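Engineer: What follows is my_file03.cif, made up of mmCIF, C-alpha atoms (C1' of nucleotides):
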data_data
#
loop_
_atom_site.label_atom_id
_atom_site.label_comp_id
_atom_site.auth_asym_id
_atom_site.auth_seq_id
_atom_site.Cartn_x
_atom_site.Cartn_y
_atom_site.Cartn_z
CA MET A 1 -10.48 5.23 9.31
CA SER A 2 -12.34 2.18 10.52
CA VAL A 3 -15.58 2.87 12.27
CA PHE A 4 -16.36 1.09 15.50
CA ARG A 5 -19.08 -1.47 15.14
CA ALA A 6 -20.96 -3.61 17.63
CA PRO A 7 -20.33 -7.32 16.99
CA GLU A 8 -24.00 -8.06 16.22
CA THR A 9 -24.30 -5.29 13.63
CA LYS A 10 -23.09 -6.31 10.21
CA THR A 11 -22.52 -3.71 7.55
CA ALA A 12 -21.24 -4.53 4.12
CA PRO A 13 -18.05 -2.74 3.05
CA ASN A 14 -19.05 0.27 1.02
CA TYR A 15 -16.01 0.30 -1.23
CA LEU A 16 -14.54 -2.84 -2.66
CA PRO A 17 -12.45 -2.33 -5.79
CA GLY A 18 -12.76 -4.94 -8.51
CA THR A 19 -10.28 -7.76 -8.67
CA ASP A 20 -8.62 -6.16 -11.67
CA LEU A 21 -7.90 -2.94 -9.85
CA ALA A 22 -6.66 -4.77 -6.77
CA LEU A 23 -4.37 -6.83 -8.95
CA GLU A 24 -3.05 -3.78 -10.73
CA LEU A 25 -2.38 -2.08 -7.43
CA ALA A 26 -0.62 -5.16 -6.03
CA GLU A 27 1.53 -5.36 -9.15
CA PHE A 28 2.43 -1.73 -8.72
CA TYR A 29 3.51 -2.15 -5.10
CA LYS A 30 5.36 -5.32 -5.96
CA VAL A 31 7.77 -3.12 -7.87
CA PHE A 32 8.72 -1.36 -4.64
CA GLY A 33 9.02 -4.68 -2.82
CA ASP A 34 12.60 -5.38 -3.77
CA ILE A 35 15.70 -3.96 -2.13
CA SER A 36 17.59 -3.56 -5.41
CA ARG A 37 14.81 -1.51 -6.98
CA ILE A 38 14.42 0.57 -3.82
CA ARG A 39 18.14 1.32 -3.80
CA ILE A 40 18.03 2.25 -7.48
CA LEU A 41 15.11 4.61 -6.88
CA PHE A 42 16.87 6.27 -3.96
CA ALA A 43 20.01 6.67 -6.02
CA LEU A 44 17.95 8.38 -8.70
CA LEU A 45 16.11 10.59 -6.25
CA ASP A 46 18.29 13.61 -6.91
CA ASN A 47 20.45 12.40 -9.74
CA GLU A 48 20.35 11.34 -13.31
CA LEU A 49 22.67 8.34 -13.51
CA TYR A 50 24.16 5.96 -16.09
CA VAL A 51 23.57 2.26 -15.81
CA ASN A 52 27.19 1.57 -14.98
CA GLU A 53 27.21 4.34 -12.38
CA LEU A 54 24.25 2.69 -10.69
CA ALA A 55 25.99 -0.67 -10.85
CA ASP A 56 29.15 0.73 -9.27
CA LEU A 57 27.31 2.78 -6.69
CA LEU A 58 25.08 -0.06 -5.55
CA ASN A 59 27.57 -2.88 -5.99
CA MET A 60 25.36 -4.71 -8.43
CA SER A 61 26.19 -6.36 -11.73
CA GLN A 62 25.40 -4.41 -14.89
CA SER A 63 22.98 -7.15 -15.87
CA ALA A 64 21.06 -7.06 -12.61
CA VAL A 65 20.76 -3.28 -12.75
CA SER A 66 19.58 -3.37 -16.34
CA HIS A 67 16.99 -6.03 -15.60
CA GLN A 68 15.62 -4.05 -12.68
CA LEU A 69 15.65 -0.82 -14.68
CA ARG A 70 13.47 -2.53 -17.24
CA ILE A 71 10.89 -3.35 -14.59
CA LEU A 72 11.04 0.20 -13.27
CA ARG A 73 10.69 1.53 -16.81
CA GLN A 74 7.72 -0.68 -17.62
CA ASN A 75 6.02 0.59 -14.49
CA LYS A 76 6.78 4.18 -15.40
CA LEU A 77 8.87 4.82 -12.33
CA VAL A 78 12.03 5.73 -14.23
CA LYS A 79 12.69 7.11 -17.66
CA VAL A 80 15.70 6.88 -19.97
CA ARG A 81 17.49 9.46 -21.99
CA LYS A 82 19.99 8.27 -24.58
CA ASP A 83 23.43 9.84 -24.63
CA GLY A 84 25.36 8.15 -27.42
CA LYS A 85 26.03 4.61 -26.30
CA ASN A 86 25.08 5.49 -22.76
CA SER A 87 21.72 5.67 -21.05
CA LEU A 88 20.85 8.23 -18.43
CA TYR A 89 18.14 7.18 -16.05
CA SER A 90 16.01 9.40 -13.83
CA LEU A 91 12.74 9.21 -11.94
CA ASP A 92 9.71 9.39 -14.19
CA ASP A 93 6.94 10.23 -11.84
CA GLU A 94 6.30 12.87 -9.23
CA HIS A 95 4.51 10.29 -7.12
CA VAL A 96 7.62 8.18 -6.62
CA TYR A 97 9.12 10.59 -4.15
CA ARG A 98 5.92 10.78 -2.11
CA ILE A 99 5.40 7.05 -2.19
CA LEU A 100 8.89 6.41 -0.84
CA THR A 101 8.45 9.14 1.76
CA HIS A 102 5.20 7.66 3.05
CA GLY A 103 6.78 4.25 3.32
CA LEU A 104 9.61 5.71 5.35
CA GLU A 105 7.13 7.51 7.58
CA HIS A 106 5.37 4.27 8.31
CA ILE A 107 8.41 2.14 9.13
CA SER A 108 9.82 4.85 11.37
CA HIS A 109 6.55 4.68 13.37
CA MET B 1 12.83 15.74 -8.59
CA SER B 2 15.86 14.76 -10.63
CA VAL B 3 18.12 17.61 -11.61
CA PHE B 4 19.36 17.83 -15.16
CA ARG B 5 23.00 17.03 -15.47
CA ALA B 6 25.44 17.26 -18.34
CA PRO B 7 26.87 13.84 -19.18
CA GLU B 8 30.45 14.83 -18.31
CA THR B 9 29.55 16.20 -14.89
CA LYS B 10 29.34 13.52 -12.25
CA THR B 11 27.81 14.27 -8.91
CA ALA B 12 27.45 11.68 -6.20
CA PRO B 13 23.90 11.07 -4.99
CA ASN B 14 23.38 13.14 -1.91
CA TYR B 15 21.01 10.78 -0.19
CA LEU B 16 21.54 7.06 -0.19
CA PRO B 17 19.81 5.21 2.64
CA GLY B 18 21.70 2.35 4.20
CA THR B 19 21.06 -1.15 3.02
CA ASP B 20 19.16 -1.91 6.21
CA LEU B 21 16.70 0.91 5.65
CA ALA B 22 16.25 0.02 2.00
CA LEU B 23 15.61 -3.58 2.99
CA GLU B 24 13.09 -2.56 5.62
CA LEU B 25 11.29 -0.35 3.12
CA ALA B 26 11.24 -3.09 0.50
CA GLU B 27 9.84 -5.55 3.05
CA PHE B 28 7.16 -3.03 3.91
CA TYR B 29 6.07 -2.55 0.31
CA LYS B 30 6.21 -6.28 -0.30
CA VAL B 31 3.23 -6.53 2.03
CA PHE B 32 1.18 -4.44 -0.40
CA GLY B 33 2.42 -6.48 -3.33
CA ASP B 34 -0.16 -9.22 -3.10
CA ILE B 35 -3.70 -9.10 -4.40
CA SER B 36 -5.16 -10.97 -1.43
CA ARG B 37 -3.70 -8.56 1.06
CA ILE B 38 -4.75 -5.57 -1.01
CA ARG B 39 -8.31 -6.88 -1.15
CA ILE B 40 -8.29 -7.48 2.60
CA LEU B 41 -7.08 -3.94 3.24
CA PHE B 42 -9.76 -2.47 1.00
CA ALA B 43 -12.42 -4.54 2.71
CA LEU B 44 -11.24 -3.16 6.04
CA LEU B 45 -11.08 0.41 4.80
CA ASP B 46 -14.40 1.39 6.32
CA ASN B 47 -15.32 -1.71 8.26
CA GLU B 48 -14.27 -3.82 11.16
CA LEU B 49 -14.70 -7.41 9.96
CA TYR B 50 -14.48 -10.96 11.27
CA VAL B 51 -12.11 -13.42 9.68
CA ASN B 52 -14.94 -15.49 8.28
CA GLU B 53 -16.66 -12.38 6.93
CA LEU B 54 -13.48 -11.53 5.07
CA ALA B 55 -13.20 -15.07 3.76
CA ASP B 56 -16.80 -15.02 2.49
CA LEU B 57 -16.56 -11.52 1.09
CA LEU B 58 -13.32 -12.15 -0.78
CA ASN B 59 -13.96 -15.77 -1.70
CA MET B 60 -10.87 -16.99 0.09
CA SER B 61 -10.39 -19.91 2.43
CA GLN B 62 -10.36 -19.18 6.15
CA SER B 63 -6.79 -20.42 6.28
CA ALA B 64 -5.56 -18.18 3.51
CA VAL B 65 -7.21 -15.15 5.09
CA SER B 66 -5.76 -15.94 8.48
CA HIS B 67 -2.27 -16.40 7.08
CA GLN B 68 -2.45 -13.08 5.28
CA LEU B 69 -3.89 -11.33 8.33
CA ARG B 70 -0.88 -12.50 10.27
CA ILE B 71 1.43 -10.83 7.81
CA LEU B 72 -0.65 -7.66 7.91
CA ARG B 73 -0.64 -7.77 11.71
CA GLN B 74 3.11 -8.25 11.93
CA ASN B 75 3.55 -5.24 9.71
CA LYS B 76 1.18 -3.18 11.81
CA LEU B 77 -1.28 -2.62 9.00
CA VAL B 78 -4.22 -4.23 10.75
CA LYS B 79 -5.11 -4.78 14.38
CA VAL B 80 -7.30 -7.36 16.11
CA ARG B 81 -9.95 -7.04 18.75
CA LYS B 82 -11.16 -10.19 20.43
CA ASP B 83 -14.91 -10.75 20.70
CA GLY B 84 -15.39 -14.10 22.38
CA LYS B 85 -14.27 -16.76 19.99
CA ASN B 86 -14.30 -14.27 17.14
CA SER B 87 -11.69 -11.78 16.01
CA LEU B 88 -12.55 -8.38 14.65
CA TYR B 89 -9.96 -6.92 12.33
CA SER B 90 -9.53 -3.29 11.35
CA LEU B 91 -6.84 -1.06 9.88
CA ASP B 92 -4.13 -0.21 12.35
CA ASP B 93 -2.48 2.76 10.80
CA GLU B 94 -3.59 6.10 9.44
CA HIS B 95 -0.96 5.81 6.73
CA VAL B 96 -2.56 2.75 5.15
CA TYR B 97 -5.35 4.77 3.62
CA ARG B 98 -2.95 7.33 2.17
CA ILE B 99 -0.58 4.67 0.88
CA LEU B 100 -3.39 2.91 -0.98
CA THR B 101 -4.68 6.20 -2.30
CA HIS B 102 -1.31 7.21 -3.70
CA GLY B 103 -0.93 3.86 -5.37
CA LEU B 104 -4.32 4.30 -7.00
CA GLU B 105 -3.37 7.80 -8.13
CA HIS B 106 -0.27 6.44 -9.81
CA ILE B 107 -1.85 3.56 -11.69
CA SER B 108 -4.70 5.79 -12.89
CA HIS B 109 -2.05 8.11 -14.42
"C1'" DT C 1 35.22 -1.98 -41.55
"C1'" DA C 2 37.07 -3.48 -37.19
"C1'" DT C 3 37.27 -2.77 -32.43
"C1'" DA C 4 35.91 -1.26 -27.98
"C1'" DC C 5 32.46 -0.17 -25.05
"C1'" DA C 6 27.68 0.54 -22.81
"C1'" DT C 7 23.50 -1.43 -22.35
"C1'" DA C 8 19.85 -4.89 -23.15
"C1'" DT C 9 18.12 -9.44 -23.14
"C1'" DG C 10 17.54 -14.75 -23.15
"C1'" DT C 11 17.96 -18.55 -20.11
"C1'" DA C 12 18.77 -21.38 -16.07
"C1'" DC C 13 18.56 -21.84 -11.36
"C1'" DA C 14 18.14 -20.95 -6.51
"C1'" DT C 15 15.14 -18.84 -3.37
"C1'" DA C 16 10.87 -16.75 -1.77
"C1'" DT C 17 6.05 -17.05 -1.13
"C1'" DA C 18 0.80 -17.86 -1.39
"C1'" DT C 19 -2.32 -21.31 -0.72
"C1'" DA C 20 -4.43 -25.94 0.39
"C1'" DC C 21 -4.89 -29.27 3.71
"C1'" DA C 22 -4.75 -30.95 8.15
"C1'" DT C 23 -4.71 -29.93 12.77
"C1'" DA C 24 -4.16 -27.19 17.07
"C1'" DT C 25 -5.86 -23.66 20.12
"C1'" DG C 26 -9.23 -21.24 22.46
"C1'" DT C 27 -14.08 -20.00 23.69
"C1'" DA C 28 -19.04 -20.53 24.47
"C1'" DT C 29 -22.82 -23.42 25.54
"C1'" DA C 30 -25.38 -27.65 26.63
"C1'" DT D 1 -17.11 -32.21 30.60
"C1'" DA D 2 -18.36 -32.71 25.81
"C1'" DT D 3 -19.40 -30.48 21.67
"C1'" DA D 4 -19.53 -26.98 18.25
"C1'" DC D 5 -17.44 -23.26 16.33
"C1'" DA D 6 -13.96 -19.44 15.06
"C1'" DT D 7 -9.44 -18.68 14.36
"C1'" DA D 8 -4.48 -19.78 14.18
"C1'" DT D 9 -0.71 -22.42 12.65
"C1'" DG D 10 2.49 -26.24 10.74
"C1'" DT D 11 3.76 -28.26 6.48
"C1'" DA D 12 3.98 -29.40 1.60
"C1'" DT D 13 3.83 -27.79 -2.92
"C1'" DA D 14 3.23 -25.10 -7.00
"C1'" DT D 15 4.41 -20.78 -8.74
"C1'" DA D 16 6.83 -16.37 -8.96
"C1'" DT D 17 11.03 -13.88 -9.11
"C1'" DG D 18 15.96 -11.95 -8.69
"C1'" DT D 19 20.40 -12.72 -10.32
"C1'" DA D 20 24.40 -14.84 -12.76
"C1'" DC D 21 26.13 -15.97 -17.02
"C1'" DA D 22 26.39 -15.68 -21.75
"C1'" DT D 23 25.36 -13.17 -25.63
"C1'" DA D 24 23.04 -9.71 -28.62
"C1'" DT D 25 22.35 -4.96 -29.93
"C1'" DG D 26 23.74 -0.50 -30.82
"C1'" DT D 27 27.14 3.40 -30.97
"C1'" DA D 28 31.57 5.82 -31.35
"C1'" DT D 29 36.15 5.89 -33.05
"C1'" DA D 30 40.37 4.36 -35.34
#
Can I see the file as structure tokens?

Structural biologist:
Amino acid sequence: MSVFRAPETKTAPNYLPGTDLALELAEFYKVFGDISRIRILFALLDNELYVNELADLLNMSQSAVSHQLRILRQNKLVKVRKDGKNSLYSLDDEHVYRILTHGLEHISH
Amino acid sequence: MSVFRAPETKTAPNYLPGTDLALELAEFYKVFGDISRIRILFALLDNELYVNELADLLNMSQSAVSHQLRILRQNKLVKVRKDGKNSLYSLDDEHVYRILTHGLEHISH
DNA sequence: TATACATATGTACATATATACATATGTATA
DNA sequence: TATACATATGTATATATGTACATATGTATA
């Protein structure tokens, strides 16, 4: 990835994304930077689950789950399907699985 | 990814990582969840750079850059090479590029 | 309509964290 | 050794953020 360079030789970086893009990307990764949201995403990896099922499964309050689901929804990582008074949540994006997988690859060296 | 399921049918999730793993993964993504670190990583994508070069390039204080480089180092995302009194930083891991790329793919829909 | 229930949301607060500032450490050169 | 310079680090502080608690919204059923 990074090319070796003699200390005296200075080359400017040839790809620097604008601040806006960097910010957007940071905001995106920030969503994955919380254990509750990670656990929710893993729970939804192969299942469509109700809010209260998530709360029970993960030992979280209904409120906390709902708040985190909102963040995940806003970032298009999960989607909702209404079922009467219940809400069924599932993953929204095909990338989510790959993103989680790559993270796991990294931390397992 | 997520299998359709009738509301009455309840299946337990078949893969739930332990809390420790979820925490480790969240901590890992947290590193990407900051605009300064993202900008540093992009700057290092094709270049080996000195701390002061990064500071100039990104309009950050030397201290701020150094603090963030420490976090990136501890998470094995960048590595250092000493050159006298200078330090040359570069990406440490082949995954970094792919992780950034996937993030970009997601936010660009 | 009244009640029960599932989910969403407003708010307060405790905790985490990025940066500025000051300073320490380490290296090269006079 | 003294000085200049690059980088690292300790600390304080302002800001961001996750969760608890209370409550609102919306739906099904009696």

Engineer: Neighbours of His109 in chain A within 12 Å (all atoms listed in the file; same-chain residues fewer than 6 positions away dropped), as a short mmCIF file (atom, residue, chain, number, x, y, z; two decimals) with C-alpha atoms, keeping the file's coordinate frame?

Structural biologist:
data_model
loop_
_atom_site.label_atom_id
_atom_site.label_comp_id
_atom_site.auth_asym_id
_atom_site.auth_seq_id
_atom_site.Cartn_x
_atom_site.Cartn_y
_atom_site.Cartn_z
CA HIS A 102 5.20 7.66 3.05
CA GLY A 103 6.78 4.25 3.32
CA ASN B 75 3.55 -5.24 9.71
CA LYS B 76 1.18 -3.18 11.81
CA LEU B 77 -1.28 -2.62 9.00
CA ASP B 92 -4.13 -0.21 12.35
CA ASP B 93 -2.48 2.76 10.80
CA GLU B 94 -3.59 6.10 9.44
CA HIS B 95 -0.96 5.81 6.73
#

Engineer: Would you mind reading off the distance between CA of Leu25 in chain A and CA of Ser61 in chain B, one decimal, in Å?

Structural biologist: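 It comes out at 21.9 Å.
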
Engineer: Taking only C-alpha atoms (C1' of nucleotides) into account, what are the residues of chain B at most 12 Å from chain D, put as a VMD selection string?

Structural biologist: chain B and resid 34 50 to 53 55 62 to 70 80 82 to 89

Engineer: So which residues get picked by the PyMOL selection byres ((chain C) within 12 of (chain A)) here, written as a short mmCIF file (atom, residue, chain, number, x, y, z; two decimals) with C-alpha atoms (C1' of nucleotides), keeping the file's coordinate frame?

Structural biologist:
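The resulting file, result-v5.cif, is reproduced below:
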data_model
loop_
_atom_site.label_atom_id
_atom_site.label_comp_id
_atom_site.auth_asym_id
_atom_site.auth_seq_id
_atom_site.Cartn_x
_atom_site.Cartn_y
_atom_site.Cartn_z
"C1'" DA C 4 35.91 -1.26 -27.98
"C1'" DC C 5 32.46 -0.17 -25.05
"C1'" DA C 6 27.68 0.54 -22.81
"C1'" DT C 7 23.50 -1.43 -22.35
"C1'" DA C 8 19.85 -4.89 -23.15
"C1'" DT C 9 18.12 -9.44 -23.14
"C1'" DG C 10 17.54 -14.75 -23.15
"C1'" DA C 16 10.87 -16.75 -1.77
#

Engineer: Return the neighbours of chain A among the residues of chain B, cut-off 7 Å, counting all atoms listed in the file, as a short mmCIF file (atom, residue, chain, number, x, y, z; two decimals) with C-alpha atoms, keeping the file's coordinate frame.

Structural biologist:
data_model
loop_
_atom_site.label_atom_id
_atom_site.label_comp_id
_atom_site.auth_asym_id
_atom_site.auth_seq_id
_atom_site.Cartn_x
_atom_site.Cartn_y
_atom_site.Cartn_z
CA MET B 1 12.83 15.74 -8.59
CA SER B 2 15.86 14.76 -10.63
CA VAL B 3 18.12 17.61 -11.61
CA PHE B 4 19.36 17.83 -15.16
CA ARG B 5 23.00 17.03 -15.47
CA PRO B 13 23.90 11.07 -4.99
CA LEU B 16 21.54 7.06 -0.19
CA ALA B 22 16.25 0.02 2.00
CA LEU B 23 15.61 -3.58 2.99
CA LEU B 25 11.29 -0.35 3.12
CA ALA B 26 11.24 -3.09 0.50
CA GLU B 27 9.84 -5.55 3.05
CA TYR B 29 6.07 -2.55 0.31
CA LYS B 30 6.21 -6.28 -0.30
CA PHE B 32 1.18 -4.44 -0.40
CA GLY B 33 2.42 -6.48 -3.33
CA ASP B 34 -0.16 -9.22 -3.10
CA ILE B 35 -3.70 -9.10 -4.40
CA ILE B 38 -4.75 -5.57 -1.01
CA ARG B 39 -8.31 -6.88 -1.15
CA PHE B 42 -9.76 -2.47 1.00
CA ALA B 43 -12.42 -4.54 2.71
CA LEU B 45 -11.08 0.41 4.80
CA ASP B 46 -14.40 1.39 6.32
CA ASN B 47 -15.32 -1.71 8.26
CA GLU B 48 -14.27 -3.82 11.16
CA SER B 90 -9.53 -3.29 11.35
CA LEU B 91 -6.84 -1.06 9.88
CA GLU B 94 -3.59 6.10 9.44
CA HIS B 95 -0.96 5.81 6.73
CA ILE B 99 -0.58 4.67 0.88
CA HIS B 102 -1.31 7.21 -3.70
CA GLY B 103 -0.93 3.86 -5.37
CA LEU B 104 -4.32 4.30 -7.00
CA HIS B 106 -0.27 6.44 -9.81
#

Engineer: To one decimal in Å, tell me the separation between CA of Lys79 in chain A and C1' of DA12 in chain C.

Structural biologist: 29.2 Å

Engineer: Between CA of Leu54 in chain A and CA of Leu72 in chain A, what is the distance, to one decimal in Å?

Structural biologist: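 One can read the CA of Leu54 in chain A to CA of Leu72 in chain A distance as 13.7 Å.
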
Engineer: Just so I have it separately, write range 97-108 of chain B from the block I sent, keeping all heavy atoms, as a CSV table (one decimal), in the first residue's frame.

Structural biologist:
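So out-v9.csv came out as:
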chain,number,residue,atom,x,y,z
B,97,TYR,N,-6.8,-0.3,3.7
B,97,TYR,CA,-7.3,0.2,2.4
B,97,TYR,C,-8.7,-0.3,2.1
B,97,TYR,O,-9.6,0.4,1.7
B,97,TYR,CB,-6.3,-0.2,1.4
B,97,TYR,CG,-6.7,0.2,0.0
B,97,TYR,CD1,-6.5,1.5,-0.5
B,97,TYR,CD2,-7.3,-0.7,-0.9
B,97,TYR,CE1,-6.9,1.9,-1.7
B,97,TYR,CE2,-7.7,-0.3,-2.2
B,97,TYR,CZ,-7.5,1.0,-2.6
B,97,TYR,OH,-7.9,1.4,-3.8
B,98,ARG,N,-8.8,-1.6,2.3
B,98,ARG,CA,-10.1,-2.2,2.0
B,98,ARG,C,-11.2,-1.8,2.9
B,98,ARG,O,-12.4,-1.6,2.5
B,98,ARG,CB,-10.0,-3.8,2.1
B,98,ARG,CG,-9.5,-4.4,0.8
B,98,ARG,CD,-9.7,-5.9,0.8
B,98,ARG,NE,-8.9,-6.5,1.9
B,98,ARG,CZ,-9.2,-7.8,2.3
B,98,ARG,NH1,-10.1,-8.5,1.8
B,98,ARG,NH2,-8.5,-8.3,3.3
B,99,ILE,N,-10.9,-1.5,4.2
B,99,ILE,CA,-11.9,-1.1,5.1
B,99,ILE,C,-12.4,0.3,4.7
B,99,ILE,O,-13.6,0.6,4.7
B,99,ILE,CB,-11.3,-1.1,6.6
B,99,ILE,CG1,-11.3,-2.5,7.1
B,99,ILE,CG2,-12.2,-0.2,7.5
B,99,ILE,CD1,-10.4,-2.7,8.3
B,100,LEU,N,-11.4,1.2,4.4
B,100,LEU,CA,-11.8,2.6,3.9
B,100,LEU,C,-12.6,2.5,2.7
B,100,LEU,O,-13.6,3.2,2.5
B,100,LEU,CB,-10.5,3.4,3.7
B,100,LEU,CG,-9.8,3.8,5.0
B,100,LEU,CD1,-8.5,4.5,4.6
B,100,LEU,CD2,-10.6,4.7,5.9
B,101,THR,N,-12.2,1.6,1.8
B,101,THR,CA,-12.9,1.5,0.5
B,101,THR,C,-14.4,1.1,0.7
B,101,THR,O,-15.3,1.6,0.0
B,101,THR,CB,-12.2,0.5,-0.4
B,101,THR,OG1,-10.8,0.9,-0.6
B,101,THR,CG2,-12.8,0.4,-1.8
B,102,HIS,N,-14.6,0.1,1.5
B,102,HIS,CA,-15.9,-0.4,1.8
B,102,HIS,C,-16.8,0.7,2.4
B,102,HIS,O,-18.0,0.8,2.1
B,102,HIS,CB,-15.9,-1.6,2.6
B,102,HIS,CG,-15.6,-2.8,1.8
B,102,HIS,ND1,-14.5,-3.6,2.0
B,102,HIS,CD2,-16.3,-3.4,0.8
B,102,HIS,CE1,-14.5,-4.6,1.2
B,102,HIS,NE2,-15.5,-4.5,0.4
B,103,GLY,N,-16.2,1.5,3.3
B,103,GLY,CA,-16.9,2.6,3.9
B,103,GLY,C,-17.4,3.6,2.8
B,103,GLY,O,-18.5,4.0,2.8
B,104,LEU,N,-16.4,3.9,1.9
B,104,LEU,CA,-16.7,4.8,0.9
B,104,LEU,C,-17.9,4.3,0.0
B,104,LEU,O,-18.8,5.0,-0.4
B,104,LEU,CB,-15.5,5.1,0.0
B,104,LEU,CG,-14.5,6.0,0.7
B,104,LEU,CD1,-13.2,6.1,-0.1
B,104,LEU,CD2,-15.0,7.5,0.9
B,105,GLU,N,-17.8,3.0,-0.3
B,105,GLU,CA,-18.8,2.4,-1.1
B,105,GLU,C,-20.2,2.6,-0.5
B,105,GLU,O,-21.2,2.9,-1.2
B,105,GLU,CB,-18.5,0.9,-1.3
B,105,GLU,CG,-17.6,0.5,-2.4
B,105,GLU,CD,-17.3,-1.0,-2.4
B,105,GLU,OE1,-18.2,-1.8,-2.0
B,105,GLU,OE2,-16.2,-1.4,-2.9
B,106,HIS,N,-20.2,2.3,0.8
B,106,HIS,CA,-21.5,2.4,1.5
B,106,HIS,C,-22.1,3.8,1.4
B,106,HIS,O,-23.2,4.0,1.1
B,106,HIS,CB,-21.4,2.0,2.9
B,106,HIS,CG,-22.7,2.0,3.7
B,106,HIS,ND1,-23.5,0.9,3.8
B,106,HIS,CD2,-23.4,3.0,4.3
B,106,HIS,CE1,-24.6,1.3,4.4
B,106,HIS,NE2,-24.6,2.5,4.8
B,107,ILE,N,-21.3,4.8,1.8
B,107,ILE,CA,-21.8,6.2,1.9
B,107,ILE,C,-22.1,6.8,0.5
B,107,ILE,O,-22.9,7.7,0.4
B,107,ILE,CB,-20.9,7.1,2.7
B,107,ILE,CG1,-19.5,7.3,2.0
B,107,ILE,CG2,-20.7,6.7,4.1
B,107,ILE,CD1,-18.6,8.3,2.7
B,108,SER,N,-21.5,6.2,-0.5
B,108,SER,CA,-21.9,6.7,-1.9
B,108,SER,C,-23.0,5.9,-2.5
B,108,SER,O,-23.2,5.9,-3.7
B,108,SER,CB,-20.6,6.7,-2.7
B,108,SER,OG,-20.1,5.4,-2.9
